[in-house]
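One file, query12.txt, is given below (compact mmCIF, C-alpha atoms).
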```
# COMPACT_ATOMS: atom_id res chain seq x y z
CA ILE A 43 11.42 -5.44 22.68
CA ILE A 44 10.21 -1.94 21.89
CA SER A 45 6.42 -1.84 21.73
CA GLU A 46 4.20 0.80 20.17
CA GLU A 47 0.74 1.22 18.69
CA ALA A 48 0.30 1.51 14.94
CA PRO A 49 -0.69 4.95 13.62
CA VAL A 50 -4.24 5.59 12.41
CA GLU A 51 -3.04 6.03 8.80
CA ASP A 52 -2.70 2.24 8.64
CA LEU A 53 -6.50 2.17 8.21
CA LYS A 54 -7.73 2.38 4.62
CA PRO A 55 -11.39 3.07 3.76
CA PHE A 56 -12.70 0.37 1.44
CA ILE A 57 -15.87 -0.03 -0.61
CA GLY A 58 -19.16 -1.00 1.00
CA GLY A 59 -18.43 0.39 4.47
CA LEU A 60 -15.41 -1.87 4.95
CA THR A 61 -12.14 -0.65 6.41
CA GLU A 62 -8.88 -2.40 5.54
CA ILE A 63 -6.18 -2.80 8.17
CA VAL A 64 -2.68 -3.05 6.67
CA SER A 65 0.64 -4.07 8.13
CA PRO A 66 2.83 -1.05 8.97
CA MET A 67 6.01 -3.09 8.43
CA PRO A 68 7.20 -6.54 7.41
CA GLY A 69 7.50 -9.02 10.26
CA ARG A 70 5.93 -11.83 12.23
CA CYS A 71 2.18 -11.41 12.76
CA GLU A 72 0.11 -12.79 15.62
CA VAL A 73 -3.65 -12.60 14.91
CA MET A 74 -5.98 -12.08 17.89
CA VAL A 75 -9.44 -11.97 16.22
CA LYS A 76 -11.50 -14.18 13.91
CA VAL A 77 -14.20 -13.58 11.32
CA GLY A 78 -17.43 -12.47 12.99
CA ASP A 79 -15.81 -10.94 16.07
CA GLN A 80 -17.25 -7.59 17.22
CA VAL A 81 -14.52 -4.98 17.71
CA LEU A 82 -14.27 -1.48 19.15
CA GLU A 83 -11.88 1.24 18.00
CA SER A 84 -9.47 0.25 20.77
CA SER A 85 -9.72 -3.55 20.29
CA ILE A 86 -6.32 -5.16 19.74
CA ILE A 87 -6.56 -7.27 16.57
CA CYS A 88 -2.94 -8.34 16.05
CA THR A 89 0.71 -7.61 16.70
CA VAL A 90 3.52 -7.38 14.16
CA GLU A 91 7.07 -7.92 15.40
CA ALA A 92 10.40 -7.48 13.64
CA MET A 93 13.93 -6.88 14.88
CA LYS A 94 12.93 -6.44 18.54
CA MET A 95 10.19 -3.94 17.66
CA GLN A 96 6.56 -4.89 18.26
CA ILE A 97 3.63 -2.91 16.90
CA THR A 98 0.12 -3.47 18.24
CA LEU A 99 -2.65 -2.94 15.72
CA THR A 100 -6.08 -1.89 16.93
CA ALA A 101 -9.30 -2.03 14.93
CA GLY A 102 -9.53 1.76 14.68
CA VAL A 103 -13.25 1.47 13.93
CA LYS A 104 -16.27 -0.04 15.67
CA GLY A 105 -17.70 -2.98 13.77
CA ARG A 106 -17.46 -6.67 12.86
CA VAL A 107 -14.45 -8.51 11.42
CA GLN A 108 -15.48 -9.55 7.87
CA GLU A 109 -12.20 -11.02 6.61
CA VAL A 110 -8.95 -12.16 8.17
CA LEU A 111 -6.41 -12.11 5.33
CA ALA A 112 -3.38 -12.75 7.54
CA CYS A 113 -2.53 -15.78 9.57
CA ASP A 114 0.03 -16.20 12.31
CA GLY A 115 3.31 -15.96 10.45
CA ILE A 116 5.24 -13.59 8.20
CA VAL A 117 3.55 -10.52 6.63
CA SER A 118 4.90 -7.91 4.24
CA ASN A 119 4.83 -4.12 4.47
CA GLN A 120 1.40 -2.67 3.55
CA GLN A 121 -0.14 -6.14 3.23
CA VAL A 122 -3.89 -6.08 3.91
CA LEU A 123 -4.44 -8.05 7.12
CA PHE A 124 -8.13 -7.51 7.92
CA ARG A 125 -11.35 -6.05 6.56
CA ILE A 126 -13.78 -4.70 9.13
CA GLN A 127 -17.42 -3.79 8.43
CA ARG A 128 -17.99 -0.45 10.17
CA GLU A 129 -21.10 0.11 12.28
CA CYS A 130 -23.10 3.21 11.45
CA ASN A 131 -23.59 4.50 15.00
```
What would you get if you wrote out this structure as structure tokens?
Amino acid sequence: IISEEAPVEDLKPFIGGLTEIVSPMPGRCEVMVKVGDQVLESSIICTVEAMKMQITLTAGVKGRVQEVLACDGIVSNQQVLFRIQRECN
């Protein structure tokens, strides 16, 4: 399995200080956080695997997980997986 980290462009600013995390490709998703979890920029929040390629998604921002829109299972390309409320500091 080839493993890599998802690029920062997979983060999308969202209204109200929320950041959306989207899937960089279709595949099988394994979620590693739940609503309410505190995350750092480097916190691993899920992995997406397809055809022997695994991508690790990190939060990319410091904050609290507000919504988990994905569950363990199949996700599509550019599907919104998480919304994270950014911290101001």
As an exercise, work out the distance from atom CA of A:Val110 to atom CA of A:Leu82 in Å and give it to one decimal place.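 Between these atoms lies a distance of 16.2 Å.
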Smallest atom-to-atom distance to A:Cys130: which of A:Ile116, A:Ala92, A:Ile86, A:Val103, using only C-alpha atoms? A:Val103
Who sits within 9 Å of A:Arg128, all atoms listed in the file, same chain under 6 positions skipped, as a ChimeraX atom specification: /A:59-61,103-107
Which one of A:Gln127, A:Thr89, A:Val75, A:Gly58 sits closest to A:Gly115 if you count all atoms listed in the file?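 Residue with the minimum atom-to-atom distance to A:Gly115: A:Thr89.
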Mind pulling up the distance from atom CA of A:Gln96 to atom CA of A:Ile126? 22.3 Å
Would you please work out which residue, of A:Arg125, A:Ile87, A:Gln120, A:Met93, is nearest to A:Met74 when using all atoms listed in the file?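 Checking each candidate against A:Met74, we get A:Ile87 as the closest.
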